[in-house]
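Source file: my_file37.txt (compact mmCIF, C-alpha atoms and all ligand atoms)
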# COMPACT_ATOMS: atom_id res chain seq x y z
CA MET A 1 6.48 -14.67 -81.33
CA LYS A 2 8.06 -17.91 -80.13
CA ASN A 3 10.98 -16.08 -78.53
CA LEU A 4 8.61 -13.59 -76.92
CA GLU A 5 6.74 -16.47 -75.27
CA GLU A 6 10.12 -17.90 -74.28
CA LYS A 7 10.98 -14.61 -72.53
CA ILE A 8 7.81 -14.87 -70.43
CA ILE A 9 8.37 -18.49 -69.49
CA GLN A 10 12.00 -17.88 -68.53
CA ALA A 11 11.09 -15.21 -65.99
CA ASP A 12 11.70 -16.99 -62.70
CA SER A 13 10.40 -14.39 -60.26
CA LEU A 14 7.59 -11.84 -60.13
CA GLU A 15 10.26 -9.19 -60.33
CA SER A 16 11.79 -10.39 -63.59
CA LEU A 17 8.30 -11.10 -64.97
CA GLU A 18 7.39 -7.46 -64.34
CA LYS A 19 10.41 -6.41 -66.44
CA VAL A 20 9.18 -8.66 -69.25
CA ARG A 21 5.69 -7.16 -68.95
CA VAL A 22 7.03 -3.63 -69.46
CA GLU A 23 9.17 -4.81 -72.36
CA LEU A 24 6.24 -6.49 -74.14
CA PHE A 25 3.03 -4.80 -73.08
CA GLY A 26 4.28 -1.38 -71.95
CA LYS A 27 3.47 1.91 -73.71
CA LYS A 28 6.85 1.82 -75.44
CA GLY A 29 6.90 -1.95 -75.56
CA LEU A 30 7.37 -4.37 -78.45
CA LEU A 31 3.62 -4.87 -79.03
CA ALA A 32 2.97 -1.14 -79.06
CA ALA A 33 5.70 -0.84 -81.69
CA GLU A 34 4.01 -3.55 -83.80
CA PHE A 35 0.63 -1.85 -83.52
CA SER A 36 2.12 1.49 -84.58
CA LYS A 37 3.08 -0.19 -87.89
CA LEU A 38 -0.63 -0.56 -88.62
CA LYS A 39 -0.97 2.94 -89.99
CA ASN A 40 1.55 2.19 -92.74
CA ILE A 41 -0.15 -1.02 -93.85
CA PRO A 42 -2.08 -0.59 -97.09
CA GLY A 43 -5.90 -0.69 -96.74
CA PRO A 44 -6.72 -4.21 -97.98
CA GLU A 45 -4.10 -5.92 -95.77
CA LYS A 46 -4.86 -3.81 -92.66
CA LYS A 47 -7.60 -6.08 -91.39
CA ALA A 48 -5.60 -9.31 -91.63
CA PHE A 49 -2.52 -7.67 -90.09
CA ALA A 50 -4.55 -6.30 -87.19
CA GLU A 51 -6.26 -9.63 -86.61
CA GLY A 52 -2.92 -11.40 -86.60
CA LEU A 53 -1.51 -8.88 -84.12
CA ASN A 54 -4.49 -9.18 -81.80
CA LYS A 55 -4.28 -12.96 -81.86
CA ASN A 56 -0.60 -12.89 -80.96
CA LYS A 57 -1.23 -10.34 -78.25
CA ALA A 58 -4.01 -12.46 -76.74
CA ALA A 59 -1.80 -15.56 -76.83
CA LEU A 60 1.08 -13.70 -75.17
CA GLN A 61 -1.31 -12.31 -72.57
CA THR A 62 -2.52 -15.84 -71.72
CA THR A 63 1.04 -17.10 -71.39
CA PHE A 64 1.86 -14.10 -69.25
CA ASP A 65 -1.20 -14.55 -67.00
CA ASP A 66 -0.44 -18.25 -66.50
CA ARG A 67 3.18 -17.48 -65.66
CA TYR A 68 2.10 -14.73 -63.30
CA GLU A 69 -0.31 -17.05 -61.46
CA LEU A 70 2.36 -19.72 -61.12
CA LEU A 71 5.05 -17.36 -59.79
CA LYS A 72 2.56 -15.68 -57.45
CA GLN A 73 1.55 -19.06 -56.06
CA GLU A 74 5.19 -20.04 -55.53
CA GLU A 75 5.84 -16.80 -53.70
CA ILE A 76 2.87 -17.29 -51.38
CA GLU A 77 3.95 -20.82 -50.58
CA LYS A 78 7.47 -19.66 -49.82
CA MET A 79 6.11 -16.97 -47.50
CA LEU A 80 3.82 -19.42 -45.74
CA LYS A 81 6.71 -21.75 -45.16
CA GLU A 82 9.01 -19.05 -43.82
CA GLU A 83 6.49 -17.30 -41.61
CA ALA A 84 4.74 -20.37 -40.33
CA ILE A 85 3.73 -20.33 -36.66
CA ASP A 86 2.83 -23.66 -35.13
CA VAL A 87 0.24 -22.63 -32.59
CA SER A 88 0.17 -26.15 -31.17
CA LEU A 89 3.82 -25.93 -30.00
CA TYR A 90 4.61 -25.26 -26.33
CA GLY A 91 5.60 -21.67 -25.62
CA THR A 92 8.29 -20.51 -23.21
CA LEU A 93 6.60 -20.20 -19.84
CA ALA A 94 7.05 -16.87 -18.08
CA GLN A 95 9.36 -17.19 -15.06
CA LYS A 96 7.46 -16.58 -11.88
CA GLY A 97 9.24 -15.01 -8.93
CA ALA A 98 8.97 -15.84 -5.26
CA LEU A 99 9.57 -14.02 -2.03
CA HIS A 100 13.20 -14.55 -1.02
CA PRO A 101 13.42 -17.00 1.92
CA VAL A 102 15.20 -14.35 4.01
CA MET A 103 12.41 -11.83 3.46
CA GLU A 104 9.74 -14.45 4.01
CA THR A 105 11.37 -15.38 7.33
CA MET A 106 11.76 -11.73 8.26
CA ASP A 107 8.04 -11.14 7.59
CA LYS A 108 7.14 -14.10 9.79
CA ILE A 109 9.27 -12.74 12.63
CA ILE A 110 7.83 -9.23 12.25
CA ASP A 111 4.26 -10.60 12.16
CA TYR A 112 4.82 -12.40 15.47
CA PHE A 113 5.89 -9.25 17.32
CA VAL A 114 3.44 -6.88 15.59
CA ALA A 115 0.66 -9.14 16.85
CA LEU A 116 2.02 -8.47 20.36
CA ASN A 117 1.78 -4.72 19.75
CA PHE A 118 5.52 -4.12 19.16
CA SER A 119 6.26 -1.13 16.89
CA VAL A 120 8.58 -1.62 13.92
CA GLU A 121 11.48 0.86 13.92
CA SER A 122 14.36 1.50 11.55
CA GLY A 123 17.65 3.39 11.47
CA PRO A 124 20.47 4.19 9.06
CA MET A 125 22.88 1.52 7.82
CA VAL A 126 25.72 4.05 7.86
CA GLU A 127 26.12 4.69 11.55
CA ASP A 128 28.46 6.54 13.85
CA ASP A 129 30.57 5.29 16.72
CA PHE A 130 28.18 6.66 19.35
CA HIS A 131 25.07 4.77 18.24
CA ASN A 132 26.77 1.55 17.18
CA PHE A 133 29.19 1.21 20.14
CA GLU A 134 29.60 3.99 22.68
CA ALA A 135 25.95 4.31 23.80
CA LEU A 136 25.71 0.54 23.93
CA ASN A 137 28.28 0.41 26.70
CA LEU A 138 31.11 -0.34 24.30
CA PRO A 139 33.62 2.45 24.97
CA LYS A 140 36.62 2.94 22.71
CA PHE A 141 39.28 0.24 23.11
CA HIS A 142 36.81 -2.05 24.86
CA PRO A 143 37.91 -5.59 23.94
CA ALA A 144 34.32 -6.60 23.15
CA ARG A 145 34.47 -4.38 20.06
CA ASP A 146 36.48 -7.17 18.47
CA MET A 147 33.39 -9.39 18.63
CA GLN A 148 32.18 -7.55 15.53
CA ASP A 149 34.60 -6.97 12.66
CA THR A 150 33.63 -3.50 11.54
CA PHE A 151 33.73 -1.77 8.14
CA TYR A 152 34.91 1.78 8.78
CA PHE A 153 34.79 4.87 6.55
CA ASN A 154 37.68 7.32 6.49
CA ASP A 155 35.64 9.97 8.31
CA GLY A 156 35.08 7.67 11.31
CA GLY A 157 31.63 6.60 10.15
CA LEU A 158 30.91 2.89 9.90
CA LEU A 159 28.48 0.33 8.56
CA ARG A 160 26.35 -0.78 11.49
CA THR A 161 27.48 -4.16 12.79
CA HIS A 162 24.14 -4.93 14.42
CA THR A 163 20.61 -3.50 14.69
CA SER A 164 21.21 -2.48 18.32
CA PRO A 165 21.90 1.19 17.39
CA VAL A 166 18.18 1.41 16.52
CA GLN A 167 17.52 0.79 20.24
CA ILE A 168 19.52 3.92 21.02
CA ARG A 169 17.89 6.03 18.30
CA THR A 170 14.39 5.00 19.37
CA MET A 171 15.08 5.69 23.05
CA LEU A 172 16.56 9.11 22.21
CA GLU A 173 13.47 10.00 20.18
CA THR A 174 10.69 8.67 22.42
CA LYS A 175 9.79 8.32 26.07
CA PRO A 176 9.21 4.97 27.76
CA PRO A 177 7.31 2.69 27.69
CA ILE A 178 8.85 1.19 24.54
CA ARG A 179 8.00 -2.07 22.88
CA MET A 180 9.81 -2.24 19.55
CA ILE A 181 11.53 -4.41 17.02
CA ALA A 182 14.05 -3.23 14.42
CA PRO A 183 14.56 -5.43 11.36
CA GLY A 184 17.35 -4.54 8.96
CA SER A 185 20.64 -5.33 7.26
CA VAL A 186 23.93 -5.28 9.14
CA PHE A 187 27.55 -5.56 8.01
CA ARG A 188 30.63 -7.39 9.22
CA ARG A 189 34.00 -8.30 7.72
CA ASP A 190 33.30 -11.99 7.50
CA TYR A 191 32.88 -14.50 4.68
CA ASP A 192 32.56 -18.27 4.92
CA LEU A 193 30.00 -21.07 4.96
CA THR A 194 27.96 -19.42 7.72
CA HIS A 195 28.95 -15.73 7.38
CA THR A 196 28.38 -13.09 4.69
CA PRO A 197 29.55 -9.44 4.88
CA MET A 198 25.88 -8.37 4.83
CA PHE A 199 23.12 -10.14 6.68
CA HIS A 200 19.88 -9.31 8.44
CA GLN A 201 18.96 -9.01 12.08
CA VAL A 202 15.83 -8.35 14.02
CA GLU A 203 16.39 -6.43 17.24
CA GLY A 204 13.88 -6.29 20.06
CA LEU A 205 13.61 -3.86 22.96
CA VAL A 206 11.07 -3.51 25.74
CA VAL A 207 11.38 -0.69 28.30
CA ASP A 208 8.97 0.21 31.07
CA GLU A 209 8.95 1.56 34.65
CA LYS A 210 11.48 0.06 37.01
CA GLY A 211 10.42 -3.38 38.15
CA LYS A 212 7.85 -3.88 35.39
CA VAL A 213 10.14 -5.75 32.99
CA SER A 214 11.89 -8.90 34.17
CA PHE A 215 14.05 -11.69 32.86
CA ALA A 216 11.01 -13.94 33.32
CA ASN A 217 9.08 -11.79 30.80
CA LEU A 218 11.97 -12.05 28.35
CA LYS A 219 12.18 -15.80 28.83
CA SER A 220 8.50 -16.46 28.31
CA ILE A 221 8.09 -14.26 25.23
CA LEU A 222 11.20 -15.67 23.49
CA THR A 223 10.22 -19.24 24.31
CA ASP A 224 6.79 -18.73 22.76
CA PHE A 225 8.37 -16.95 19.79
CA LEU A 226 10.78 -19.83 19.14
CA HIS A 227 7.96 -22.37 19.38
CA THR A 228 6.04 -20.33 16.80
CA MET A 229 9.03 -20.28 14.45
CA PHE A 230 10.42 -23.80 14.91
CA GLY A 231 7.53 -25.82 16.29
CA ASP A 232 7.86 -28.24 19.16
CA VAL A 233 11.51 -27.71 20.18
CA ASP A 234 13.24 -27.53 23.55
CA VAL A 235 14.47 -24.03 24.43
CA ARG A 236 17.41 -23.34 26.71
CA PHE A 237 18.86 -20.09 28.03
CA ARG A 238 22.63 -20.18 28.47
CA PRO A 239 24.56 -17.46 30.36
CA SER A 240 26.59 -15.30 28.00
CA PHE A 241 28.00 -11.82 27.61
CA PHE A 242 26.94 -8.71 25.71
CA PRO A 243 28.19 -5.27 26.80
CA PHE A 244 24.70 -3.75 26.50
CA THR A 245 22.85 -6.36 28.59
CA GLU A 246 23.42 -7.68 32.10
CA PRO A 247 22.70 -10.44 32.74
CA SER A 248 23.00 -11.75 29.19
CA ALA A 249 22.02 -15.06 27.67
CA GLU A 250 22.28 -16.93 24.44
CA VAL A 251 19.26 -19.00 23.55
CA ASP A 252 19.49 -22.45 22.02
CA ILE A 253 16.82 -24.70 20.55
CA SER A 254 17.12 -28.47 20.43
CA CYS A 255 18.54 -29.41 17.02
CA ILE A 256 15.69 -29.65 14.51
CA PHE A 257 17.73 -31.94 12.26
CA CYS A 258 18.55 -34.71 14.75
CA GLU A 259 16.00 -33.84 17.45
CA GLY A 260 18.78 -33.34 19.97
CA LYS A 261 20.60 -36.62 19.34
CA GLY A 262 23.65 -34.87 17.88
CA CYS A 263 24.56 -34.36 14.22
CA ARG A 264 26.88 -32.31 12.01
CA VAL A 265 24.60 -29.25 11.91
CA CYS A 266 24.60 -28.92 15.73
CA SER A 267 28.27 -29.98 15.99
CA HIS A 268 27.08 -33.07 17.91
CA THR A 269 25.83 -30.96 20.82
CA GLY A 270 22.12 -31.46 20.14
CA TRP A 271 21.59 -27.69 20.39
CA LEU A 272 21.45 -24.80 17.91
CA GLU A 273 22.17 -21.24 19.01
CA VAL A 274 19.54 -18.85 17.64
CA LEU A 275 19.36 -15.68 19.76
CA GLY A 276 21.22 -13.24 21.98
CA CYS A 277 19.38 -11.42 24.73
CA GLY A 278 19.47 -9.95 28.21
CA ILE A 279 18.36 -7.29 30.65
CA VAL A 280 19.33 -3.83 29.39
CA ASP A 281 22.53 -2.66 31.09
CA PRO A 282 22.05 0.50 33.26
CA ASN A 283 24.86 2.18 31.31
CA VAL A 284 22.72 2.05 28.15
CA PHE A 285 19.86 3.83 29.90
CA LYS A 286 22.36 6.37 31.24
CA ALA A 287 23.60 7.08 27.69
CA VAL A 288 20.10 7.97 26.51
CA GLY A 289 19.08 9.80 29.70
CA TYR A 290 16.48 7.30 30.90
CA GLU A 291 15.89 7.04 34.67
CA ASP A 292 13.95 4.62 36.83
CA VAL A 293 13.26 2.16 34.02
CA SER A 294 13.93 -1.49 33.38
CA GLY A 295 14.05 -3.34 30.08
CA TYR A 296 15.08 -6.35 28.10
CA ALA A 297 16.56 -6.66 24.62
CA PHE A 298 17.24 -9.39 22.14
CA GLY A 299 18.79 -9.78 18.70
CA LEU A 300 18.69 -12.55 16.12
CA GLY A 301 20.09 -13.32 12.67
CA VAL A 302 17.37 -13.75 10.06
CA GLU A 303 19.52 -15.80 7.65
CA ARG A 304 20.25 -18.29 10.40
CA PHE A 305 16.52 -18.70 11.01
CA ALA A 306 15.82 -19.08 7.27
CA MET A 307 18.61 -21.65 6.87
CA LEU A 308 17.34 -23.73 9.77
CA ILE A 309 13.68 -23.52 8.74
CA HIS A 310 14.40 -24.40 5.09
CA GLN A 311 17.47 -26.59 5.70
CA ILE A 312 19.74 -24.52 3.45
CA PRO A 313 23.31 -25.76 3.96
CA ASP A 314 25.36 -22.80 2.61
CA LEU A 315 24.47 -19.26 3.70
CA ARG A 316 26.14 -17.78 0.64
CA SER A 317 23.62 -19.42 -1.69
CA LEU A 318 21.02 -17.02 -0.28
CA PHE A 319 22.85 -14.13 -1.93
CA GLU A 320 23.97 -15.60 -5.26
CA GLY A 321 20.74 -14.64 -7.02
CA ASP A 322 20.38 -18.06 -8.67
CA ILE A 323 16.78 -18.28 -9.87
CA ARG A 324 16.86 -22.07 -9.26
CA LEU A 325 17.09 -21.45 -5.52
CA LEU A 326 14.12 -19.08 -5.52
CA GLU A 327 12.02 -21.42 -7.69
CA GLN A 328 12.00 -23.87 -4.79
CA PHE A 329 10.15 -21.36 -2.63
CA ARG A 330 7.26 -20.59 -4.98
N1 LIG B 401 23.54 -7.08 19.02
C1 LIG B 401 23.88 -8.44 19.37
C2 LIG B 401 24.66 -9.07 18.22
O1 LIG B 401 24.62 -8.57 17.13
C3 LIG B 401 22.66 -9.25 19.65
C4 LIG B 401 21.92 -8.78 20.89
C5 LIG B 401 20.95 -7.82 20.79
C6 LIG B 401 22.22 -9.31 22.10
C7 LIG B 401 20.26 -7.39 21.92
C8 LIG B 401 21.57 -8.90 23.26
C9 LIG B 401 20.59 -7.94 23.16
O2 LIG B 401 25.31 -10.08 18.40
For this file, write the structure as structure tokens.
Ligand code: PHE
Amino acid sequence: MKNLEEKIIQADSLESLEKVRVELFGKKGLLAAEFSKLKNIPGPEKKAFAEGLNKNKAALQTTFDDRYELLKQEEIEKMLKEEAIDVSLYGTLAQKGALHPVMETMDKIIDYFVALNFSVESGPMVEDDFHNFEALNLPKFHPARDMQDTFYFNDGGLLRTHTSPVQIRTMLETKPPIRMIAPGSVFRRDYDLTHTPMFHQVEGLVVDEKGKVSFANLKSILTDFLHTMFGDVDVRFRPSFFPFTEPSAEVDISCIFCEGKGCRVCSHTGWLEVLGCGIVDPNVFKAVGYEDVSGYAFGLGVERFAMLIHQIPDLRSLFEGDIRLLEQFR
């Protein structure tokens, strides 16, 4: 009896206690074996023997129940400890995205021209020589082709070096008048602080009857556009060269960092170059079969605008995908 109780008390888990239960109380258990002796006990002693057995059984049952309760309690406590959730602790906050500064700037540019009734056109990034160069008055072996370091495919195809081929595609598909912009990615073999092999441009083209589109129109619209983008800056048109425009100009704004006094960003000139533009060269109209029209065109780099607006020093950081950069634009 004593050692049976001992067995129960030594069980240190519900699992081992269950084994003890089968051993003692089971159908083929020790107690069952004791009770089966009853039939061999002579009549007069039967009652006392049975009473003794029942008393022992009841005592063992109590010990067992107590042990069971204790082990059960221990198990529950262990579980509670292991599976505890402290609902008062801070959780990990979900990371919230933001529109990339380049796309945000692009949208702002597009919005400006859409409000002026410009259509938004697009073209393929994999271009051919005709659309990217030839039709833009850049014949083969023209030295100005070197202005744009081109990625070529083996079959003579190329990655467009500017959005100007969309001018050609739009003119070939539609009749004048045209008032369009073409936002999109362009590609050049270039990589440093201010150049990445892929960047974005927005092209603009306006074509109408001869004499209806002048340099004065171009000047006034771009001046207003730059004031919308950069606020109260001085705007200056500087003579330049592009094969597809004549005359051509580059447009500068007074440096927004030093207000024209001269600093590192503007190379101490007080001016920042932000646009290329000009009156569409007659050879371009000839290439697309347009007659008796006049037009102006312009092109700008979206990353350059975004960097100036947000004062981002290294262009490459716009493409590294570091969430810490984007978080600043939420
Ligand atoms: N395509 C020119 C460039 O990429 C920009 C430009 C477009 C200039 C239209 C004049 C007119 O540099």
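Pairwise distance (atom CA of Leu159 of chain A, atom CA of Pro197 of chain A) equals 10.5 Å.
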### Message
Give me, as JSON, numbers by chain, the set of residues whose atoms come within 7 Å of any atom of ligand LIG 401 (chain B), counting all atoms listed in the file.
### Response
{"A": [161, 162, 163, 164, 203, 204, 242, 244, 245, 248, 276, 277, 278, 297, 298, 299, 300]}
### Task
Skip Glu15 of chain A itself and residues of its chain fewer than 3 positions away, then list as a ChimeraX atom specification all residues within 12 Å of it, counting all atoms listed in the file.
/A:8,11-12,18-22,68,71-72,75
Saved selection, atoms kept: C-alpha atoms, as a tab-separated table (two decimals), keeping the file's coordinate frame:
chain	number	residue	atom	x	y	z
A	8	ILE	CA	7.81	-14.87	-70.43
A	11	ALA	CA	11.09	-15.21	-65.99
A	12	ASP	CA	11.70	-16.99	-62.70
A	18	GLU	CA	7.39	-7.46	-64.34
A	19	LYS	CA	10.41	-6.41	-66.44
A	20	VAL	CA	9.18	-8.66	-69.25
A	21	ARG	CA	5.69	-7.16	-68.95
A	22	VAL	CA	7.03	-3.63	-69.46
A	68	TYR	CA	2.10	-14.73	-63.30
A	71	LEU	CA	5.05	-17.36	-59.79
A	72	LYS	CA	2.56	-15.68	-57.45
A	75	GLU	CA	5.84	-16.80	-53.70
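The shortest atom-to-atom distance to Gly123 of chain A, with all atoms listed in the file taken into account, belongs to A:Arg169 out of A:His142, A:Lys108, A:Arg169, A:His195.
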### Query
Excluding same-chain residues fewer than 2 positions from Arg67 of chain A, what lies within 10 Å of it counting all atoms listed in the file, as JSON, numbers by chain?
{"A": [8, 9, 10, 11, 12, 13, 14, 17, 61, 62, 63, 64, 65, 69, 70, 71, 72, 73]}
